[in-house]
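> One file is attached below, query.txt, containing compact mmCIF, N, CA and C atoms.
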```txt
# COMPACT_ATOMS: atom_id res chain seq x y z
N ARG A 1 31.26 11.99 27.46
CA ARG A 1 30.75 11.55 26.17
C ARG A 1 31.07 12.58 25.12
N MET A 2 31.54 12.12 23.97
CA MET A 2 31.87 13.01 22.86
C MET A 2 30.65 13.12 21.96
N GLU A 3 30.08 14.30 21.89
CA GLU A 3 28.88 14.46 21.09
C GLU A 3 29.18 15.26 19.84
N LEU A 4 28.62 14.82 18.73
CA LEU A 4 28.75 15.53 17.48
C LEU A 4 28.07 16.89 17.58
N ALA A 5 28.57 17.85 16.85
CA ALA A 5 27.94 19.17 16.77
C ALA A 5 28.15 19.71 15.36
N SER A 6 27.16 20.44 14.87
CA SER A 6 27.27 21.03 13.54
C SER A 6 28.18 22.25 13.59
N SER A 7 28.51 22.78 12.42
CA SER A 7 29.37 23.97 12.36
C SER A 7 28.68 25.18 12.98
N ARG A 8 27.36 25.13 13.10
CA ARG A 8 26.62 26.22 13.75
C ARG A 8 26.54 26.03 15.27
N GLY A 9 27.14 24.95 15.76
CA GLY A 9 27.16 24.71 17.20
C GLY A 9 25.97 23.96 17.74
N ASN A 10 25.11 23.45 16.87
CA ASN A 10 23.95 22.67 17.32
C ASN A 10 24.39 21.26 17.69
N ALA A 11 24.04 20.85 18.89
CA ALA A 11 24.40 19.51 19.36
C ALA A 11 23.57 18.46 18.65
N LEU A 12 24.12 17.26 18.57
CA LEU A 12 23.43 16.16 17.91
C LEU A 12 22.05 15.91 18.53
N SER A 13 21.95 15.99 19.84
CA SER A 13 20.66 15.74 20.50
C SER A 13 19.61 16.76 20.06
N THR A 14 20.00 18.00 19.88
CA THR A 14 19.08 19.04 19.42
C THR A 14 18.65 18.77 17.98
N LEU A 15 19.63 18.42 17.14
CA LEU A 15 19.32 18.14 15.74
C LEU A 15 18.43 16.92 15.60
N GLN A 16 18.66 15.89 16.43
CA GLN A 16 17.84 14.67 16.36
C GLN A 16 16.41 14.95 16.80
N ALA A 17 16.23 15.86 17.74
CA ALA A 17 14.87 16.20 18.18
C ALA A 17 14.06 16.78 17.01
N SER A 18 14.74 17.49 16.12
CA SER A 18 14.04 18.08 14.97
C SER A 18 13.59 17.02 13.97
N LEU A 19 14.18 15.82 14.02
CA LEU A 19 13.80 14.76 13.09
C LEU A 19 12.41 14.21 13.37
N ARG A 20 11.88 14.52 14.55
CA ARG A 20 10.52 14.07 14.91
C ARG A 20 9.47 15.16 14.71
N HIS A 21 9.90 16.30 14.19
CA HIS A 21 8.99 17.44 14.00
C HIS A 21 8.01 17.12 12.89
N HIS A 22 6.81 17.70 12.98
CA HIS A 22 5.78 17.42 11.97
C HIS A 22 6.05 18.10 10.63
N ALA A 23 6.84 19.18 10.62
CA ALA A 23 7.11 19.92 9.38
C ALA A 23 8.30 19.31 8.64
N PRO A 24 8.12 18.96 7.38
CA PRO A 24 9.21 18.37 6.60
C PRO A 24 10.45 19.27 6.52
N ALA A 25 10.25 20.57 6.43
CA ALA A 25 11.39 21.50 6.33
C ALA A 25 12.26 21.45 7.59
N VAL A 26 11.64 21.26 8.74
CA VAL A 26 12.39 21.17 10.00
C VAL A 26 13.16 19.86 10.04
N ARG A 27 12.53 18.77 9.60
CA ARG A 27 13.25 17.48 9.56
C ARG A 27 14.44 17.57 8.61
N ALA A 28 14.24 18.18 7.44
CA ALA A 28 15.32 18.31 6.46
C ALA A 28 16.45 19.18 7.03
N SER A 29 16.10 20.24 7.72
CA SER A 29 17.11 21.11 8.33
C SER A 29 17.92 20.35 9.38
N GLY A 30 17.27 19.53 10.18
CA GLY A 30 17.97 18.72 11.17
C GLY A 30 18.92 17.74 10.51
N LEU A 31 18.49 17.13 9.41
CA LEU A 31 19.36 16.19 8.69
C LEU A 31 20.55 16.91 8.06
N ARG A 32 20.33 18.13 7.56
CA ARG A 32 21.45 18.91 7.02
C ARG A 32 22.49 19.19 8.11
N GLY A 33 21.99 19.55 9.30
CA GLY A 33 22.89 19.81 10.42
C GLY A 33 23.68 18.58 10.83
N ILE A 34 23.02 17.43 10.84
CA ILE A 34 23.71 16.18 11.20
C ILE A 34 24.74 15.83 10.13
N ARG A 35 24.37 16.00 8.86
CA ARG A 35 25.34 15.74 7.78
C ARG A 35 26.55 16.65 7.92
N ASP A 36 26.31 17.90 8.24
CA ASP A 36 27.40 18.86 8.45
C ASP A 36 28.31 18.38 9.58
N ALA A 37 27.72 17.91 10.66
CA ALA A 37 28.51 17.43 11.80
C ALA A 37 29.34 16.21 11.42
N VAL A 38 28.74 15.27 10.70
CA VAL A 38 29.47 14.06 10.29
C VAL A 38 30.59 14.43 9.31
N GLN A 39 30.30 15.30 8.36
CA GLN A 39 31.31 15.70 7.38
C GLN A 39 32.45 16.48 8.03
N SER A 40 32.15 17.21 9.10
CA SER A 40 33.19 18.00 9.77
C SER A 40 34.20 17.10 10.50
N LEU A 41 33.83 15.85 10.74
CA LEU A 41 34.76 14.92 11.40
C LEU A 41 36.01 14.67 10.56
N SER A 42 35.91 14.86 9.25
CA SER A 42 37.06 14.61 8.38
C SER A 42 38.18 15.61 8.63
N SER A 43 37.86 16.75 9.24
CA SER A 43 38.90 17.74 9.53
C SER A 43 39.68 17.41 10.80
N LEU A 44 39.16 16.45 11.57
CA LEU A 44 39.84 16.03 12.80
C LEU A 44 40.85 14.94 12.52
N GLU A 45 41.69 14.66 13.49
CA GLU A 45 42.59 13.53 13.39
C GLU A 45 41.75 12.27 13.24
N VAL A 46 42.17 11.36 12.38
CA VAL A 46 41.34 10.22 11.96
C VAL A 46 40.79 9.41 13.13
N THR A 47 41.63 8.99 14.06
CA THR A 47 41.14 8.14 15.15
C THR A 47 40.19 8.89 16.07
N LEU A 48 40.41 10.19 16.26
CA LEU A 48 39.49 10.97 17.08
C LEU A 48 38.14 11.10 16.38
N GLY A 49 38.16 11.39 15.08
CA GLY A 49 36.91 11.54 14.33
C GLY A 49 36.08 10.28 14.34
N ILE A 50 36.72 9.12 14.13
CA ILE A 50 35.97 7.86 14.11
C ILE A 50 35.50 7.50 15.52
N SER A 51 36.26 7.85 16.54
CA SER A 51 35.83 7.59 17.92
C SER A 51 34.57 8.39 18.25
N ILE A 52 34.54 9.64 17.82
CA ILE A 52 33.36 10.48 18.05
C ILE A 52 32.16 9.91 17.30
N LEU A 53 32.37 9.52 16.04
CA LEU A 53 31.28 8.96 15.25
C LEU A 53 30.76 7.67 15.87
N GLU A 54 31.65 6.75 16.24
CA GLU A 54 31.23 5.48 16.83
C GLU A 54 30.49 5.69 18.15
N ALA A 55 30.90 6.68 18.93
CA ALA A 55 30.24 6.95 20.21
C ALA A 55 28.82 7.46 20.01
N ASN A 56 28.55 8.06 18.86
CA ASN A 56 27.24 8.63 18.60
C ASN A 56 26.33 7.75 17.74
N LEU A 57 26.85 6.64 17.22
CA LEU A 57 26.05 5.76 16.37
C LEU A 57 24.79 5.22 17.05
N PRO A 58 24.83 4.82 18.34
CA PRO A 58 23.61 4.27 18.95
C PRO A 58 22.41 5.22 18.96
N SER A 59 22.65 6.50 19.06
CA SER A 59 21.53 7.44 19.01
C SER A 59 21.27 7.95 17.60
N LEU A 60 22.32 8.01 16.80
CA LEU A 60 22.20 8.58 15.45
C LEU A 60 21.48 7.66 14.47
N LEU A 61 21.87 6.39 14.43
CA LEU A 61 21.33 5.50 13.41
C LEU A 61 19.82 5.26 13.50
N PRO A 62 19.25 5.01 14.67
CA PRO A 62 17.79 4.79 14.70
C PRO A 62 16.99 6.00 14.20
N ASN A 63 17.42 7.19 14.57
CA ASN A 63 16.72 8.39 14.12
C ASN A 63 16.89 8.62 12.63
N MET A 64 18.08 8.35 12.12
CA MET A 64 18.34 8.51 10.69
C MET A 64 17.53 7.49 9.89
N CYS A 65 17.51 6.25 10.36
CA CYS A 65 16.79 5.19 9.63
C CYS A 65 15.30 5.49 9.54
N ARG A 66 14.74 6.06 10.58
CA ARG A 66 13.33 6.43 10.55
C ARG A 66 13.05 7.40 9.39
N CYS A 67 14.01 8.25 9.10
CA CYS A 67 13.85 9.23 8.02
C CYS A 67 13.97 8.60 6.63
N TRP A 68 14.49 7.36 6.56
CA TRP A 68 14.53 6.67 5.26
C TRP A 68 13.12 6.43 4.73
N LEU A 69 12.14 6.45 5.62
CA LEU A 69 10.75 6.19 5.23
C LEU A 69 9.92 7.46 5.16
N ASP A 70 10.57 8.60 5.28
CA ASP A 70 9.87 9.89 5.31
C ASP A 70 9.10 10.11 4.02
N GLU A 71 7.90 10.68 4.14
CA GLU A 71 7.10 10.95 2.95
C GLU A 71 7.64 12.13 2.16
N ASP A 72 8.47 12.96 2.80
CA ASP A 72 9.06 14.11 2.12
C ASP A 72 10.34 13.68 1.39
N ASP A 73 10.37 13.92 0.08
CA ASP A 73 11.51 13.49 -0.73
C ASP A 73 12.83 14.08 -0.26
N ASP A 74 12.82 15.38 0.06
CA ASP A 74 14.05 16.05 0.47
C ASP A 74 14.61 15.45 1.76
N ALA A 75 13.76 15.29 2.76
CA ALA A 75 14.20 14.73 4.04
C ALA A 75 14.70 13.30 3.86
N ARG A 76 13.99 12.51 3.07
CA ARG A 76 14.38 11.11 2.87
C ARG A 76 15.73 11.02 2.15
N ARG A 77 15.92 11.82 1.12
CA ARG A 77 17.18 11.78 0.38
C ARG A 77 18.34 12.28 1.22
N LEU A 78 18.09 13.26 2.07
CA LEU A 78 19.13 13.72 2.99
C LEU A 78 19.52 12.61 3.96
N ALA A 79 18.55 11.83 4.41
CA ALA A 79 18.84 10.71 5.33
C ALA A 79 19.66 9.64 4.61
N VAL A 80 19.33 9.37 3.36
CA VAL A 80 20.10 8.40 2.58
C VAL A 80 21.53 8.90 2.37
N CYS A 81 21.67 10.18 2.05
CA CYS A 81 23.01 10.77 1.86
C CYS A 81 23.79 10.76 3.17
N LEU A 82 23.10 11.01 4.27
CA LEU A 82 23.75 10.98 5.59
C LEU A 82 24.33 9.59 5.85
N PHE A 83 23.57 8.55 5.53
CA PHE A 83 24.08 7.19 5.72
C PHE A 83 25.32 6.97 4.86
N GLY A 84 25.30 7.47 3.63
CA GLY A 84 26.47 7.37 2.76
C GLY A 84 27.67 8.09 3.36
N ASP A 85 27.43 9.25 3.96
CA ASP A 85 28.52 9.99 4.62
C ASP A 85 29.09 9.21 5.79
N ILE A 86 28.21 8.56 6.56
CA ILE A 86 28.66 7.75 7.69
C ILE A 86 29.52 6.59 7.21
N LEU A 87 29.04 5.89 6.18
CA LEU A 87 29.83 4.78 5.63
C LEU A 87 31.19 5.27 5.12
N LYS A 88 31.17 6.39 4.43
CA LYS A 88 32.41 6.94 3.89
C LYS A 88 33.38 7.31 5.01
N SER A 89 32.88 7.92 6.07
CA SER A 89 33.74 8.30 7.20
C SER A 89 34.36 7.08 7.85
N ILE A 90 33.57 6.02 8.00
CA ILE A 90 34.08 4.81 8.63
C ILE A 90 35.10 4.13 7.72
N LYS A 91 34.83 4.09 6.42
CA LYS A 91 35.76 3.46 5.48
C LYS A 91 37.08 4.21 5.42
N LEU A 92 37.05 5.53 5.48
CA LEU A 92 38.27 6.32 5.40
C LEU A 92 39.11 6.22 6.66
N SER A 93 38.48 5.75 7.73
CA SER A 93 39.18 5.72 9.02
C SER A 93 40.17 4.57 9.14
N SER A 94 40.02 3.57 8.31
CA SER A 94 40.94 2.44 8.41
C SER A 94 41.30 1.92 7.04
N GLU A 95 42.46 1.34 6.95
CA GLU A 95 42.94 0.83 5.67
C GLU A 95 42.08 -0.33 5.18
N GLN A 96 41.53 -1.11 6.10
CA GLN A 96 40.77 -2.29 5.71
C GLN A 96 39.27 -2.03 5.60
N ALA A 97 38.86 -0.77 5.70
CA ALA A 97 37.45 -0.40 5.65
C ALA A 97 36.64 -1.26 6.62
N ASP A 98 37.08 -1.26 7.87
CA ASP A 98 36.47 -2.08 8.91
C ASP A 98 35.14 -1.48 9.36
N LEU A 99 34.07 -2.15 9.05
CA LEU A 99 32.73 -1.65 9.39
C LEU A 99 32.13 -2.42 10.57
N LYS A 100 32.98 -3.04 11.38
CA LYS A 100 32.49 -3.84 12.51
C LYS A 100 31.67 -3.01 13.49
N CYS A 101 31.93 -1.71 13.56
CA CYS A 101 31.17 -0.87 14.49
C CYS A 101 29.69 -0.80 14.10
N LEU A 102 29.35 -1.16 12.85
CA LEU A 102 27.95 -1.16 12.41
C LEU A 102 27.26 -2.50 12.69
N ALA A 103 28.02 -3.52 13.06
CA ALA A 103 27.45 -4.87 13.24
C ALA A 103 26.26 -4.90 14.19
N PRO A 104 26.28 -4.21 15.33
CA PRO A 104 25.10 -4.28 16.22
C PRO A 104 23.84 -3.66 15.62
N PHE A 105 24.03 -2.86 14.58
CA PHE A 105 22.90 -2.14 14.00
C PHE A 105 22.35 -2.78 12.73
N VAL A 106 22.98 -3.85 12.27
CA VAL A 106 22.57 -4.48 11.02
C VAL A 106 21.09 -4.91 11.03
N PRO A 107 20.57 -5.49 12.12
CA PRO A 107 19.16 -5.89 12.07
C PRO A 107 18.20 -4.74 11.77
N PHE A 108 18.36 -3.60 12.43
CA PHE A 108 17.40 -2.55 12.12
C PHE A 108 17.77 -1.76 10.88
N LEU A 109 19.04 -1.73 10.46
CA LEU A 109 19.37 -1.14 9.17
C LEU A 109 18.66 -1.92 8.06
N CYS A 110 18.70 -3.25 8.17
CA CYS A 110 18.03 -4.10 7.19
C CYS A 110 16.51 -3.98 7.28
N ALA A 111 15.99 -3.87 8.50
CA ALA A 111 14.53 -3.75 8.68
C ALA A 111 14.01 -2.47 8.04
N TYR A 112 14.70 -1.36 8.25
CA TYR A 112 14.25 -0.09 7.66
C TYR A 112 14.44 -0.10 6.14
N ALA A 113 15.55 -0.67 5.67
CA ALA A 113 15.75 -0.77 4.21
C ALA A 113 14.66 -1.64 3.59
N SER A 114 14.30 -2.73 4.26
CA SER A 114 13.23 -3.61 3.79
C SER A 114 11.89 -2.88 3.78
N SER A 115 11.64 -2.12 4.81
CA SER A 115 10.40 -1.33 4.86
C SER A 115 10.34 -0.34 3.71
N ALA A 116 11.47 0.28 3.41
CA ALA A 116 11.51 1.22 2.29
C ALA A 116 11.23 0.50 0.97
N LEU A 117 11.79 -0.70 0.81
CA LEU A 117 11.56 -1.46 -0.42
C LEU A 117 10.11 -1.88 -0.59
N ASN A 118 9.40 -2.01 0.52
CA ASN A 118 8.01 -2.46 0.48
C ASN A 118 7.00 -1.32 0.61
N SER A 119 7.47 -0.11 0.52
CA SER A 119 6.59 1.05 0.64
C SER A 119 5.63 1.14 -0.55
N LEU A 120 4.49 1.73 -0.32
CA LEU A 120 3.55 1.98 -1.42
C LEU A 120 4.01 3.15 -2.28
N ASP A 121 4.86 4.00 -1.73
CA ASP A 121 5.37 5.18 -2.43
C ASP A 121 6.56 4.79 -3.31
N ARG A 122 6.44 5.03 -4.59
CA ARG A 122 7.47 4.62 -5.55
C ARG A 122 8.82 5.26 -5.25
N SER A 123 8.84 6.54 -4.87
CA SER A 123 10.12 7.21 -4.61
C SER A 123 10.80 6.65 -3.35
N VAL A 124 10.00 6.21 -2.38
CA VAL A 124 10.57 5.57 -1.19
C VAL A 124 11.19 4.23 -1.58
N ARG A 125 10.52 3.49 -2.46
CA ARG A 125 11.08 2.22 -2.93
C ARG A 125 12.40 2.42 -3.68
N LYS A 126 12.47 3.48 -4.50
CA LYS A 126 13.72 3.76 -5.22
C LYS A 126 14.85 4.06 -4.25
N ASP A 127 14.55 4.86 -3.24
CA ASP A 127 15.58 5.16 -2.25
C ASP A 127 15.93 3.91 -1.44
N GLY A 128 14.96 3.04 -1.22
CA GLY A 128 15.23 1.77 -0.55
C GLY A 128 16.19 0.90 -1.35
N ALA A 129 16.02 0.89 -2.66
CA ALA A 129 16.94 0.13 -3.52
C ALA A 129 18.34 0.73 -3.45
N LEU A 130 18.42 2.06 -3.38
CA LEU A 130 19.71 2.72 -3.24
C LEU A 130 20.38 2.33 -1.92
N LEU A 131 19.59 2.27 -0.85
CA LEU A 131 20.11 1.87 0.45
C LEU A 131 20.63 0.44 0.44
N VAL A 132 19.88 -0.46 -0.18
CA VAL A 132 20.32 -1.85 -0.27
C VAL A 132 21.65 -1.93 -1.02
N GLY A 133 21.78 -1.14 -2.08
CA GLY A 133 23.04 -1.09 -2.81
C GLY A 133 24.18 -0.58 -1.95
N MET A 134 23.91 0.43 -1.12
CA MET A 134 24.94 0.96 -0.22
C MET A 134 25.32 -0.08 0.81
N LEU A 135 24.33 -0.77 1.36
CA LEU A 135 24.61 -1.81 2.38
C LEU A 135 25.38 -2.96 1.76
N ALA A 136 25.00 -3.37 0.55
CA ALA A 136 25.65 -4.50 -0.10
C ALA A 136 27.08 -4.19 -0.51
N SER A 137 27.33 -2.96 -0.91
CA SER A 137 28.68 -2.61 -1.39
C SER A 137 29.58 -2.06 -0.29
N SER A 138 29.06 -1.96 0.93
CA SER A 138 29.84 -1.36 2.01
C SER A 138 31.01 -2.21 2.45
N ASP A 139 31.04 -3.47 2.07
CA ASP A 139 32.15 -4.32 2.49
C ASP A 139 33.32 -4.27 1.51
N ARG A 140 33.20 -3.49 0.46
CA ARG A 140 34.30 -3.40 -0.52
C ARG A 140 35.22 -2.26 -0.23
```
What's the structure tokens form of this structure?

Amino acid sequence: RMELASSRGNALSTLQASLRHHAPAVRASGLRGIRDAVQSLSSLEVTLGISILEANLPSLLPNMCRCWLDEDDDARRLAVCLFGDILKSIKLSSEQADLKCLAPFVPFLCAYASSALNSLDRSVRKDGALLVGMLASSDR
């Protein structure tokens, strides 16, 4: 199995464990590490980078989506930016911007985005609207 790792050598599984920590700073740090790992894929050969990303989507997306609803603004915005990085990496990997690898995850991507839109917290709702925009424009 090809596992993502940050530039500091932290494995994706270690970084994802920090997303469940009670301290917002630890969750934000884990999201920064995951973003670093996803962004570092651009330095690899394109098909290898996308293969690594696709192999890690089943564990990465559920943990990232949970952070879309985080009460901490920094952690939540990092999770939204991470999703943007994932979309960008997938789009750059093919001429046709083929996002079929995300198809199995559409139900819970939509469920978490919907939850964000229905949050009592105004800033969570704003980020939810941003997510819906990212999901809607991802096919272009």
> Expressed in Å to a single decimal, how great is the separation between CA of Ala28 (chain A) and atom N of Ala75 (chain A)?
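A separation of 5.0 Å between them.
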> I need the residue nearest Val26 (chain A) from this list: A:Asp74, A:Lys100, A:Ser119, A:Thr47. Use only C-alpha atoms for the distance.
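The closest residue to Val26 (chain A) is A:Asp74.
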> What's around Ala113 (chain A) at 6.5 Å? Count all atoms listed in the file, leave out sequence neighbours fewer than 3 positions away in its own chain, and write the answer as a VMD selection string.
chain A and resid 108 to 110 116 to 118 128 131 to 132
> Could those residues be written to a file, using N, CA and C atoms, as a compact mmCIF listing (two decimals), in the frame of the given file?

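That gives us selection_11.txt:
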```
# COMPACT_ATOMS: atom_id res chain seq x y z
N PHE A 108 18.36 -3.60 12.43
CA PHE A 108 17.40 -2.55 12.12
C PHE A 108 17.77 -1.76 10.88
N LEU A 109 19.04 -1.73 10.46
CA LEU A 109 19.37 -1.14 9.17
C LEU A 109 18.66 -1.92 8.06
N CYS A 110 18.70 -3.25 8.17
CA CYS A 110 18.03 -4.10 7.19
C CYS A 110 16.51 -3.98 7.28
N ALA A 116 11.47 0.28 3.41
CA ALA A 116 11.51 1.22 2.29
C ALA A 116 11.23 0.50 0.97
N LEU A 117 11.79 -0.70 0.81
CA LEU A 117 11.56 -1.46 -0.42
C LEU A 117 10.11 -1.88 -0.59
N ASN A 118 9.40 -2.01 0.52
CA ASN A 118 8.01 -2.46 0.48
C ASN A 118 7.00 -1.32 0.61
N GLY A 128 14.96 3.04 -1.22
CA GLY A 128 15.23 1.77 -0.55
C GLY A 128 16.19 0.90 -1.35
N LEU A 131 19.59 2.27 -0.85
CA LEU A 131 20.11 1.87 0.45
C LEU A 131 20.63 0.44 0.44
N VAL A 132 19.88 -0.46 -0.18
CA VAL A 132 20.32 -1.85 -0.27
C VAL A 132 21.65 -1.93 -1.02
```
> How many Å lie between CA of Pro62 (chain A) and CA of Ala5 (chain A), rounded to one decimal?
17.7 Å
> In Å to one decimal, how far is CA of Gly30 (chain A) from CA of Asn63 (chain A)?
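Spanning CA of Asn63 (chain A) to CA of Gly30 (chain A) is a straight-line distance of 10.8 Å.
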> Restricting the calculation to only N, CA and C atoms: of A:Asp85, A:Leu69, A:Ala79, A:Leu92, which residue gets closest to Tyr112 (chain A)?
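Closest to Tyr112 (chain A) of all the choices is A:Leu69.
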> Compare A:Ala55, A:Ile34, A:Val124, A:Ala136 by their minimum atom-to-atom distance to Cys101 (chain A), counting only C-alpha atoms, and give me the closest one.
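Ranked by minimum distance to Cys101 (chain A), first place goes to A:Ala55.
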> Contacts of Arg76 (chain A) at 6 Å or less, counting only C-alpha atoms, minus same-chain residues fewer than 6 places along, as a ChimeraX atom specification?
/A:67-68,70
> Go through A:Leu41, A:Leu12, A:Ala17, A:Ala23 one by one, measure the shortest atom-to-atom distance of each to Asp72 (chain A) using only C-alpha atoms, and give the residue with the smallest value.
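For Asp72 (chain A), the nearest of the candidates is A:Ala23.
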> In terms of the shortest atom-to-atom distance over only C-alpha atoms, which of A:Ala25, A:Val46, A:Leu31, A:Ala37 is closest to Gly9 (chain A)?
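Comparing A:Ala25, A:Val46, A:Leu31, A:Ala37 against Gly9 (chain A), the winner is A:Ala37.
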> Taking all atoms of region 119-122 of chain A that appear in the file, build a box with edges along x, y and z, extend it by 5 Å on every side, and state its centre and edge lengths in Å to one decimal, as JSON.

```
{"center_x": 6.2, "center_y": 2.6, "center_z": -2.5, "size_x": 15.3, "size_y": 15.4, "size_z": 16.2}
```
